Structure formats: structure tokens, C-alpha cells
Amino acid sequence: MLFKKTNALEQTQPSKNKNNNGFSQQLISISKKNSSQVLEELNTTLAGLTEPEVEERLEKFGPNEITHEEEHGWWWRFFMAAKNPLVVLLVALAAIAFITEDIRSGIVMSLMVVLGVTLRLIQETKADNAAAKLKAMISITATAMREGKPQEISLKNLVPGDIIKLSAGDMIPADVRLLTAKDLFIIQASLTGESMPVEKFDSCEVREKISPIELCNICYLGTSVESGSANAVVVNTGSKTYFGTMAKSIATQQIETSFDKGVNRFTWLMIRFMMVMVPLVFLINGLTKHNWVEAFFFSMAIAVGLTPEMLPMIVSVGLSKGAILMSRKKVIVKRLNAIQNFGAMNILCTDKTGTITIDHVILEHYCDVKGEEDDGVLSDAYLISYFQTGLKNVLDRAILQHNEVRKLVDYEHHQKIDEIPFDFSRRMMSVLVSEPDSTVRLLTKGAPEEIFRRCSHFEIDGEILSMDPILIQDLRDEYEKLSADGFRVIALAYKDLEHKPAYSKADECDLVLKGYLAFLDPPKESAAPAILALQKHGVDVKILTGDNDLVSRKVCHEVGLPTDKILLGGDIEKMTDDELAQAAATTTLFARLLPIHKQRIIQVLRAKGNVVGYMGDGINDAPALRAADVGISVDTAVDIAKESADVILLEKSLMVLEEGVLEGRKVFANILKYIRMGASSNFGNMFSVLGASAFLPFVPMAPIQVLTNNLLYDFSQVPIPTDDVDPEQILRPRPWLIDEIRRFILFIGPISSIFDYTTYFIMLYIFGCWDPAKASLFQTGWFVESLMTQTLIIHIIRTNKIPFIQSRPSWPLIATTVIIMSVGMYLPFSPFAAALGFVSLPPLYWPLLLLTLSCYIILTQIIKAWLLRKAWI
């Protein structure tokens with residue numbers, strides 16, 4: 001048997017009844033043991049697990065997945081769709097109808113619920129399936145030792161006892177105990193909120209009453225490696241990790257966007273409106289007609305009519321449709337609301353390297369401090385890139401793949417002794433190698449300005465000279481000349497050292513500057529057109545890069561971005577948030593930035609009311625991706641960047657950014673159509689129903705007729721998410737403006753009431769419906785007129801132009817309009833007429849209805865045009 005005793009491996013997967021205190025004690029116990037004891041307790045070795053052991057442990061402990069990442073079935077989606085307050089309200093009203101034996105009303109309300117929930121369920125399922133297919137193309141892996149060999153393993157297949165290797169840019173794939181660590185710094189912001197990285201070690205003293213998160217040799221799922229390297233053993237996986245124990249509460253802590261807030265405000269506005277309106281209608285009809293049962297059912301039907309029950313479906317279908325369209329363009333939308341945020345975005349901040357520039361960097365020059373080609377510079381650069389264990393970026397790959405390098409370097413005669421990993425504060429890294437003559441040489445590469453600070457000498461033509469102050473500017477001029485030509489420049493230095501047990505950052509001093517590496521990192525072909533397209537649609541593009549300002553300025557020039565104002569990381573350090581916000585508003589290029597600078601720029605821009613997107617692919621982009629309204633990354637990004645993003649681009653072309661922006665604006669425009677229409681219609685109906693209830697000797701429309709009207713009207717709105725949107729409506733970002741909606745309601749809503757009252761006049765005085773015996777005729781006449789006006793209003797509201805002439809709706813919307821209007825005219829003559837309380841309408845009614853509809857359309861169009869001229873909507 002693999003598990004012969006109850007040991008730490010059993011303890012690492014605590015039962016559901018195990019409390020957090022027991023969980024903490026288990027981690028503390030693991031932390032106190034030395035590496036050998038930990039391996040013994042977990043029944044593993046440094047060579048890793050065998051395949052049979054992995055299979056048995058996967059069977060025992062399950063995949064390394066936490067609760068909120070589980071895929072839910074259709075029943076769960078159905079529940080999420082049905083729990084909306086508007087749906088719950090309709091279900092409650094339907095239940096009341098069935099209890100009071102009003103079966104017809106109960107059936108109609110049930111059909112409304114089924115229509116809204118089913119459409120939402122179908123569309124969300126399509127979106128989820130499309131996203132799942134694309135997500136399968138992206139894999140986040142960990143390097144694990146299996147049967148003595150390092151292998152890239154999918155995170156979900158890790159098990160307790162796996163030996164893993166960690167380097168810069170890696171996500172911590174589970175709760176792990178460090179076995180070895182070299183300058184390892186971990187970002188724990190996802191667990192602690194602390195933005196500064198924390199150094200971890202392979203051993204430490206554990207004090208009493210310590211929190212598990214403070215254990216310095218334990219790393220947790222959900223955190224990431226900023227710099228350094230380590231070997232570790234997996235202790236806990238999946239829902240049994242520290243992060244997994246918080247998964248349920250974390251999953252519910254979603255940030256509410258301005259769009260969410262706006263939709264929720266509108267929803268509850270309509271519900272509060274209904275809570276005032278319905279009791280008023282009930283009392284007026286009860287007191288004037290003295291039939292309290294009929295008044296109750298009529299007011300209940302009015303409650304349904306005032307409920308914007310299709311809003312959840314319209315929002316969900318609109319966002320899902322956008323996600324599906326984006327998936328066809330190889331864009332993964334991880335969070336549906338990111339579609340709307342795309343549309344609302346008015347500033348896009350982006351990293352330069354790997355996003356604006358191509359993903360294949362070329363090493364063009366390797367030269368000494370005079371700018372002359374030097375094979376020794378290339379040879380040392382190769383040794384650094386070859387021996388480093390951290391994340392090999394595009395620059396390292398360019399060095400390793402250079403055509404000349406293998407002819408120059410005999411790496412088999414060099415042995416790696418130690419490594420000082422890269423971090424963003426030093427902006428450099430070093431490896432220590434033994435030369436063929438047994439000399440220990442420290443080889444360092446990094447940002448030229450950082451290397452310069454640590455150099456006391458430079459090498460030229462085989463001689464080593466002191467870096468006198470008078471020569472320093474001449475040395476700088478050489479690499480600045482390369483930068484100004486658009487090259488990304490890395491400086492190379494070295495130092496010979498004595499043998500000693502360990503080396504650290506303190507050894508990176510008194511270096512000898514050897515030369516420079518110049519990389520060509522040209523912009524993507526799609527970068528300039530994409531930036532131009534975004535600017536055309538009201539999105540300002542800003543470059544936030546850790547690179548130097550000279551090469552960044554060159555790239556910006558090539559993609560058409562102005563560089564008259566540049567803000568450097570050192571300047572940002574000295575600014576207050578208000579000063580930074582003011583400067584950021586007018587600056588396009590930010591250079592020499594640390595990750596914390598990028599995050600801060602995003603935060604101050606958002607604080608000024610902007611909707612900010614951020615696009616990046618590196619370790620240093622993760623904080624900014626999380627801080628933005630919409631985080632965008634690419635398939636080639638490091639694990640932590642892909643995990644932090646809301647949207648992932650699988651294609652190299654950046655033109656898909658413009659398509660994402662336009663798709664988001666179309667979604668918002670179509671949702672706004674429904675909100676405007678529903679709000680104005682409800683506001684107008686308030687005056688119509690209250691007035692008719694006060695002076696008519698009968699209810700203006702039977703409860704079953706109100707419900708039938710609402711059901712047909714709902715059906716006519718189903719294609720709104722598919723409707724075409726005028727180019728003018730998506731030209732600029734569209735924020736949520738509740739005042740604009742309020743003005744629209746106040747001016748457009750009462751127009752429908754005007755023509756409701758003209759219909760009352762026609763039915764009462766032309767067709768003699770004052771007689772209660774003709775109540776059915778009155779109700780039938782108002783039913784048809786009300787359904788017609790409500791169905792037509794969407795075509796006026798959907799565009800700022802003249803409907804049908806200057807702007808045509810989508811064919812599905814035209815089709816449902818024709819179908820519903822035809823059904824409305826057919827019902828009074830149909831076999832269902834008696835059951836619904838309808839009677840045949842006289843021939844004179846139809847030309848009068850046509851006149852009413854024509855006047856309604858003309859007046860609404862005039863008022864809409866007046867509001868547009870006033871810039872009130």
C-alpha cells in the first residue's frame with residue numbers, strides 16, 4: 001500500500017468538520033519540521049512521485065481545483081437565472097393567482113417567467129460553452145518532478161507530495177512547503193491585501209501564536225513569485241488549501257461596476273414605483289366600483305405590467321451574445337461584465353513589450369563600450385541566459401537562439417555555482433560560474449542605468465580602466481544612442497570573486513562594465529491601426545512601461561502616439577495622488593515604471609471617473625491588471641497575468657480591441673433601449689390607469705387582458721439584444737447617466753398617456769361605451785391600442801434618427817413587431833376571444849386606430865428630436 005500509516009499526507013486533507021484552528025496547526029506543524037522530515041511525512045522524495053502514486057493520490061484527494069472554479073450544470077444556471085428579484089416577484093404573483101383560483105392569470109404569468117428564464121439560460125449556456133472551448137486552448141502549468149524528471153503538469157493534476165520548481169512569474173499552484181529557496185519574493189496581495197512582496201525561506205523559526213500566512217517557509221495557492229527561485233513540496237491541494245477554505249466567501253465578493261449599479265438602481269426604482277402604484281390602483285378601483293375582488297386581481301395584473309421582468313434576460317443575453325461574438329474572434333471573456341466595461345472604457349493603458357511590440361525579439365547588436373562588435377559580450381550573455389533558472393523572457397530567448405552564439409560559447413567547460421535572481425527593484429540579475437581556470441566569475445545583465453551605478457571600472461580593448469566621472473557621460477551616450485534608434489539595450493558587467501558558501505545582492509558592486517546587447521523589438525503590424533481605431537472611438541491610449549524613455553519614445557512614434565510629455569517612475573515617486581492624477585490626464589508615455597507605479601496610475605485615473613482598461617503580459621503587469629476596470633492579456637503572457645485578466649486575446653492582432661470596444665457599446669445601447677422603453681411606458685401607463693380607474697364605471701382592462709398584453713409585449717422585446725445599433729451611438733464611450741434616463745421618462749412617457757386618453761374618448765363617445773354592458777368593447781379597444789403603441793415605441797426609441805427611413809432595425813425585431821401586432825388585431829376575432837373577454841371591434845375603429853398610431857409616432861419623434869437638439873438625451 002502507498003499509505004501505510006496516518007501521517008501528514010492524511011492530515012493535509014482535513015475533513016469538512018475540521019475547523020480553521022486545526023488547519024492552522026497542521027500548517028504550523030509542517031513548517032516546524034526540516035526538509036527530510038517533511039518528505040518522510042508526505043511519503044515522497046526529491047525525485048518526485050511515480051505515475052501509479054499520482055493516480056492513487058488523485059483518486060484519493062481529487063483534482064487541484066477550488067470550489068468557485070467548478071463548472072455547474074444547467075440546473076445551477078437555471079437557479080441563478082430564477083433568483084432575480086423580478087422573477088421571484090412574478091413567481092409570487094403567479095402563486096397568488098393559482099391559490100385564488102385565477103388559473104388563466106396564473107398560466108400567463110408562468111409563461112412570462114418561463115420565457116425570460118429559458119432565453120437567459122439558453123444564451124448563457126451558449127456563451128459558457130464557447131468560452132470553455134477557448135479556455136481549453138490556454139493552459140496554466142507547474143514544473144513538477146515526476147519519476148526523477150521535470151515535467152510541465154496541468155495545475156489540476158498536482159497532488160500532495162509532488163515536488164515542484166518555482167521561478168519568477170509562476171503562480172503558486174497549491175499550498176507548498178519550501179525545500180530550497182534563493183532570493184524568493186512572493187506577492188501575497190490576493191490573501192493579505194499587502195502590495196509589497198514578502199521574502200520566503202526554506203527554513204525559519206516558528207514563534208508561538210503565529211498566523212499561518214506569516215509562516216516564512218510556506219507558500220499559498222493564489223499567490224505568485226515576483227522574483228527568485230525555489231524547490232517545494234505540495235502539502236495541500238484544491239479546496240483544502242488556505243485559499244480554498246476562503247473560496248466560498250471570496251467567490252461572492254464581486255466588485256460591482258457602475259453598469260451593475262445602474263441596472264440595480266433602475267430595477268429597484270421600478271419595484272418601488274410598483275409598490276406605490278399598485279395599492280393606489282387597488283384602493284381607487286375598490287372604492288369606485290365596490291368590487292374589491294376584481295380590484296385585487298386588476299391591481300395584481302398592473303403589478304405584473306409595471307415589472308420590467310425582461311430586463312435580466314435582456315442584460316444577460318446581450319452580454320452573452322457579445323461574449324460569443326468575441327469568442328469567434330479568438331478572444332476569451334472570463335467575466336461577462338467585461339464586455340460592457342470594454343464599451344464604457346475611455347482610457348486604455350498598455351504595457352509596451354509583448355503587447356504593442358511583437359512577441360519575437362531579435363538580438364541585433366552585441367558590442368563593447370565603444371559600440372564595436374564584441375564576441376565576448378555575446379558569450380557572457382549566453383552563459384547568463386543559459387544558466388539562469390528564473391523565467392526566461394523574450395530577451396533571453398533571443399540570446400539563446402542567436403545564430404552565432406553556439407560557435408562562440410563552450411558552456412560545457414563552465415559550471416554554474418550560484419544565481420542572484422532578477423527583481424524589479426534592482427532591474428538586473430546575475431549568475432556565478434566557474435571559468436575553465438577555476439576562477440569564480442559573477443556575470444550580470446540588466447538595465448544600463450542600474451548596471452552603471454554598480455560599476456567602478458569598464459573594459460575596452462582588453463584593458464580595464466577606472467570609470468572616472470569625466471568618462472561616465474561618454475559611456476552613457478553610447479547606449480543612449482542605441483536606445484534612441486529604437487533598440488532595447490541591456491548592459492553587461494562582470495566581477496571575479498573568491499570561492500565562498502553563498503553569494504547575494506551585496507556582491508553586485510564594483511563591477512566591470514563590458515558592453516551592451518541591443519535588441520530590436522518592433523511594434524506589431526496591427527498596433528498603429530488599432531491605436532488609431534481606438535482613438536477614433538474616444539479611447540485614449542497610454543503606454544505604461546518599465547523600459548527606458550528613449551526606446552519607448554521611438555516605439556510610440558512608430559505607432560502614432562505623441563511623446564511631448566513623458567512621466568518617469570522617479571517623478572511619480574515624488575507626486576501626491578492629486579498631482580499624479582492631473583499629470584496622468586495629459587501624459588501619454590510613462591517609462592521606467594515599477595509594478596506599483598503602474599497600479600497607482602490606474603487607480604488615480606479611475607478615481608477621476610474614468611473607465612480604465614489595462615493590457616499587459618508580464619509579471620509586473622499583474623497588479624495593474626487587477627486594478628483596472630477591464631484587464632486584458634494575451635495567450636503568451638505569464639501565468640499570473642493570464643489569471644489576473646478579465647479578457648485574454650488568443651490572436652496576435654490588436655484590432656480585436658476595437659471590436660471588443662464596439663461590441664461592448666452595442667450591448668449597452670441595446671440594454672438602454674429596453675430601459676428607456678420600459679421606464680417611459682410604465683410612467684405613461686401610471687397616468688392612464690389612474691385616470692381610467694377614477695372615472696370609469698368598470699376596470700379599464702380585465703386582469704387577464706392586462707397579463708396577455710404584457711406577455712405579448714415581452715415577446716416582442718426578445719430580439720432587442722440582436723438589434724442593429726447606429727454608428728453614432730457607438731462612436732464614443734457611453735457612461736450610465738441616470739439623469740438622461742429620467743429626462744427621457746418625463747418627456748416621452750406622458751405622450752403614450754395622451755393617446756390612451758384619445759382612445760378612451762373614442763371608445764366612450766363614438767362607440768358609446770359608458771354603458772357597463774359595453775365594458776368588453778372598451779377593454780378590447782384599449783387592449784389593441786395599448787399593445788400597438790407599446791410595440792411600435794421601441795422603433796422610435798432605438799435610434800436617434802428617423803425610424804425605418806434613416807435607421808432600420810434588425811430583421812428579428814421587425815419580425816416580432818409584425819407578428820405581435822398581427823396577433824393583437826387577430827385576438828378579438830379569434831376562438832380565444834371569449835376566454836380573454838374580447839369582442840369584435842367595429843370597422844370604424846381601425847381607421848381611427850391608424851390615425852392614433854400615426855399621430856403617436858409623429859409626436860414622439862418630434863419630442864425626441866427636440867430633446868436631442870437640447871442635448872438632454
# chains A, B, ... in the order shown; residues from 1 in each chain; ligands from 1

call {"tool": "closest_atom_pairs", "arguments": {"of": "segment 447-536 of chain A", "to": "segment 174-187 of chain A", "cutoff": "12 Å", "atoms": "only C-alpha atoms", "output": "CSV"}}
result
residue,atom,partner,partner_atom,distance
A:Ala502,CA,A:Lys182,CA,10.1
A:Tyr503,CA,A:Lys182,CA,10.0
A:Ser504,CA,A:Asp183,CA,8.2
A:Lys505,CA,A:Asp183,CA,9.0

call {"tool": "residues_around", "arguments": {"residues": "Ala144 of chain A", "least_positions_apart": "6", "cutoff": "10 Å", "atoms": "only C-alpha atoms", "output": "ChimeraX atom specification"}}
result
/A:47-49,150-155,158,162-166,231-234

call {"tool": "atom_distance", "arguments": {"atom1": "atom CA of Gly354 of chain A", "atom2": "atom CA of His597 of chain A"}}
result
19.1 Å

call {"tool": "closest_residue", "arguments": {"among": "A:Val667, A:Val699, A:Ile730, A:Val361", "to": "Leu325 of chain A", "atoms": "only C-alpha atoms"}}
result
A:Val667

call {"tool": "residues_around", "arguments": {"residues": "segment 817-826 of chain A", "least_positions_apart": "5", "cutoff": "12 Å", "atoms": "only C-alpha atoms", "output": "PyMOL selection string"}}
result
chain A and resi 705+708-720+780-795+809-812+831-833+838-841+845-846+849

call {"tool": "decode", "arguments": {"residues": "segment 409-520 of chain A", "atoms": "C-alpha atoms", "output": "PDB file, in the first residue's frame"}}
result
ATOM      1  CA  VAL A 409      30.455  29.510 -26.333  1.00  0.00           C
ATOM      2  CA  ASP A 410      31.745  26.278 -24.908  1.00  0.00           C
ATOM      3  CA  TYR A 411      29.296  26.136 -21.997  1.00  0.00           C
ATOM      4  CA  GLU A 412      30.265  22.564 -21.102  1.00  0.00           C
ATOM      5  CA  HIS A 413      33.536  23.927 -19.650  1.00  0.00           C
ATOM      6  CA  HIS A 414      31.627  26.297 -17.386  1.00  0.00           C
ATOM      7  CA  GLN A 415      29.824  25.238 -14.252  1.00  0.00           C
ATOM      8  CA  LYS A 416      27.093  27.199 -12.533  1.00  0.00           C
ATOM      9  CA  ILE A 417      27.857  27.924  -8.896  1.00  0.00           C
ATOM     10  CA  ASP A 418      25.023  30.205  -7.829  1.00  0.00           C
ATOM     11  CA  GLU A 419      22.420  32.680  -9.042  1.00  0.00           C
ATOM     12  CA  ILE A 420      21.101  36.039  -7.872  1.00  0.00           C
ATOM     13  CA  PRO A 421      17.622  36.250  -9.463  1.00  0.00           C
ATOM     14  CA  PHE A 422      16.045  39.255 -11.117  1.00  0.00           C
ATOM     15  CA  ASP A 423      13.748  41.564  -9.217  1.00  0.00           C
ATOM     16  CA  PHE A 424      12.022  44.795 -10.166  1.00  0.00           C
ATOM     17  CA  SER A 425      13.745  46.958  -7.607  1.00  0.00           C
ATOM     18  CA  ARG A 426      17.277  46.101  -8.883  1.00  0.00           C
ATOM     19  CA  ARG A 427      16.192  45.537 -12.511  1.00  0.00           C
ATOM     20  CA  MET A 428      19.107  43.154 -13.006  1.00  0.00           C
ATOM     21  CA  MET A 429      20.180  39.572 -12.356  1.00  0.00           C
ATOM     22  CA  SER A 430      23.431  37.639 -12.009  1.00  0.00           C
ATOM     23  CA  VAL A 431      24.796  34.132 -12.304  1.00  0.00           C
ATOM     24  CA  LEU A 432      28.077  32.897 -10.860  1.00  0.00           C
ATOM     25  CA  VAL A 433      30.061  30.457 -12.980  1.00  0.00           C
ATOM     26  CA  SER A 434      33.410  28.738 -12.650  1.00  0.00           C
ATOM     27  CA  GLU A 435      35.694  29.555 -15.557  1.00  0.00           C
ATOM     28  CA  PRO A 436      37.920  26.856 -17.119  1.00  0.00           C
ATOM     29  CA  ASP A 437      40.772  28.145 -14.922  1.00  0.00           C
ATOM     30  CA  SER A 438      38.562  27.637 -11.794  1.00  0.00           C
ATOM     31  CA  THR A 439      38.010  31.376 -11.350  1.00  0.00           C
ATOM     32  CA  VAL A 440      34.573  32.285  -9.946  1.00  0.00           C
ATOM     33  CA  ARG A 441      33.077  34.984 -12.135  1.00  0.00           C
ATOM     34  CA  LEU A 442      29.943  36.980 -11.394  1.00  0.00           C
ATOM     35  CA  LEU A 443      28.159  37.758 -14.684  1.00  0.00           C
ATOM     36  CA  THR A 444      25.478  40.455 -14.508  1.00  0.00           C
ATOM     37  CA  LYS A 445      22.982  41.813 -17.025  1.00  0.00           C
ATOM     38  CA  GLY A 446      20.294  44.432 -16.528  1.00  0.00           C
ATOM     39  CA  ALA A 447      19.058  47.948 -17.164  1.00  0.00           C
ATOM     40  CA  PRO A 448      22.030  50.131 -18.169  1.00  0.00           C
ATOM     41  CA  GLU A 449      21.324  52.834 -15.590  1.00  0.00           C
ATOM     42  CA  GLU A 450      21.239  50.216 -12.803  1.00  0.00           C
ATOM     43  CA  ILE A 451      24.403  48.462 -14.012  1.00  0.00           C
ATOM     44  CA  PHE A 452      26.204  51.820 -14.245  1.00  0.00           C
ATOM     45  CA  ARG A 453      25.504  52.543 -10.589  1.00  0.00           C
ATOM     46  CA  ARG A 454      27.295  49.332  -9.598  1.00  0.00           C
ATOM     47  CA  CYS A 455      30.319  49.618 -11.908  1.00  0.00           C
ATOM     48  CA  SER A 456      33.668  51.029 -10.812  1.00  0.00           C
ATOM     49  CA  HIS A 457      35.591  50.080 -13.990  1.00  0.00           C
ATOM     50  CA  PHE A 458      34.992  49.361 -17.662  1.00  0.00           C
ATOM     51  CA  GLU A 459      36.736  47.123 -20.180  1.00  0.00           C
ATOM     52  CA  ILE A 460      37.961  48.447 -23.524  1.00  0.00           C
ATOM     53  CA  ASP A 461      40.228  46.606 -25.974  1.00  0.00           C
ATOM     54  CA  GLY A 462      41.180  44.121 -23.273  1.00  0.00           C
ATOM     55  CA  GLU A 463      42.184  46.815 -20.772  1.00  0.00           C
ATOM     56  CA  ILE A 464      40.296  47.558 -17.557  1.00  0.00           C
ATOM     57  CA  LEU A 465      40.021  51.278 -16.816  1.00  0.00           C
ATOM     58  CA  SER A 466      38.517  53.208 -13.956  1.00  0.00           C
ATOM     59  CA  MET A 467      35.118  54.862 -14.526  1.00  0.00           C
ATOM     60  CA  ASP A 468      36.226  58.433 -13.959  1.00  0.00           C
ATOM     61  CA  PRO A 469      33.351  60.930 -13.732  1.00  0.00           C
ATOM     62  CA  ILE A 470      34.565  62.637 -16.895  1.00  0.00           C
ATOM     63  CA  LEU A 471      34.101  59.375 -18.869  1.00  0.00           C
ATOM     64  CA  ILE A 472      30.735  58.290 -17.461  1.00  0.00           C
ATOM     65  CA  GLN A 473      28.691  60.553 -19.736  1.00  0.00           C
ATOM     66  CA  ASP A 474      30.573  59.283 -22.802  1.00  0.00           C
ATOM     67  CA  LEU A 475      29.739  55.705 -21.786  1.00  0.00           C
ATOM     68  CA  ARG A 476      26.089  56.656 -21.289  1.00  0.00           C
ATOM     69  CA  ASP A 477      25.959  58.377 -24.677  1.00  0.00           C
ATOM     70  CA  GLU A 478      26.774  55.083 -26.380  1.00  0.00           C
ATOM     71  CA  TYR A 479      23.815  53.140 -25.014  1.00  0.00           C
ATOM     72  CA  GLU A 480      21.504  56.163 -25.270  1.00  0.00           C
ATOM     73  CA  LYS A 481      22.371  56.354 -28.975  1.00  0.00           C
ATOM     74  CA  LEU A 482      21.242  52.747 -29.382  1.00  0.00           C
ATOM     75  CA  SER A 483      18.059  53.428 -27.394  1.00  0.00           C
ATOM     76  CA  ALA A 484      17.244  56.478 -29.486  1.00  0.00           C
ATOM     77  CA  ASP A 485      17.471  54.284 -32.596  1.00  0.00           C
ATOM     78  CA  GLY A 486      14.688  52.096 -31.202  1.00  0.00           C
ATOM     79  CA  PHE A 487      16.797  49.320 -29.705  1.00  0.00           C
ATOM     80  CA  ARG A 488      16.128  47.858 -26.306  1.00  0.00           C
ATOM     81  CA  VAL A 489      19.506  47.955 -24.565  1.00  0.00           C
ATOM     82  CA  ILE A 490      20.810  45.677 -21.832  1.00  0.00           C
ATOM     83  CA  ALA A 491      24.167  46.315 -20.176  1.00  0.00           C
ATOM     84  CA  LEU A 492      26.596  43.526 -19.307  1.00  0.00           C
ATOM     85  CA  ALA A 493      29.170  43.566 -16.498  1.00  0.00           C
ATOM     86  CA  TYR A 494      31.318  41.096 -14.574  1.00  0.00           C
ATOM     87  CA  LYS A 495      33.446  40.643 -11.474  1.00  0.00           C
ATOM     88  CA  ASP A 496      35.831  37.926 -10.277  1.00  0.00           C
ATOM     89  CA  LEU A 497      35.225  36.645  -6.755  1.00  0.00           C
ATOM     90  CA  GLU A 498      36.677  34.274  -4.221  1.00  0.00           C
ATOM     91  CA  HIS A 499      35.000  30.923  -3.514  1.00  0.00           C
ATOM     92  CA  LYS A 500      32.523  31.101  -0.634  1.00  0.00           C
ATOM     93  CA  PRO A 501      29.428  29.140   0.522  1.00  0.00           C
ATOM     94  CA  ALA A 502      26.821  31.602  -0.761  1.00  0.00           C
ATOM     95  CA  TYR A 503      26.514  34.803  -2.764  1.00  0.00           C
ATOM     96  CA  SER A 504      23.987  37.642  -2.516  1.00  0.00           C
ATOM     97  CA  LYS A 505      22.955  41.001  -3.959  1.00  0.00           C
ATOM     98  CA  ALA A 506      25.679  42.618  -1.887  1.00  0.00           C
ATOM     99  CA  ASP A 507      28.220  41.076  -4.260  1.00  0.00           C
ATOM    100  CA  GLU A 508      26.816  43.091  -7.159  1.00  0.00           C
ATOM    101  CA  CYS A 509      29.187  46.001  -6.614  1.00  0.00           C
ATOM    102  CA  ASP A 510      32.481  47.261  -8.049  1.00  0.00           C
ATOM    103  CA  LEU A 511      31.601  45.594 -11.343  1.00  0.00           C
ATOM    104  CA  VAL A 512      33.460  45.906 -14.635  1.00  0.00           C
ATOM    105  CA  LEU A 513      31.247  47.223 -17.458  1.00  0.00           C
ATOM    106  CA  LYS A 514      31.861  45.026 -20.512  1.00  0.00           C
ATOM    107  CA  GLY A 515      29.377  46.164 -23.126  1.00  0.00           C
ATOM    108  CA  TYR A 516      25.816  46.210 -24.390  1.00  0.00           C
ATOM    109  CA  LEU A 517      23.233  43.995 -26.019  1.00  0.00           C
ATOM    110  CA  ALA A 518      20.838  45.754 -28.398  1.00  0.00           C
ATOM    111  CA  PHE A 519      17.523  44.084 -29.223  1.00  0.00           C
ATOM    112  CA  LEU A 520      15.096  45.010 -31.944  1.00  0.00           C
TER     113      LEU A 520
END
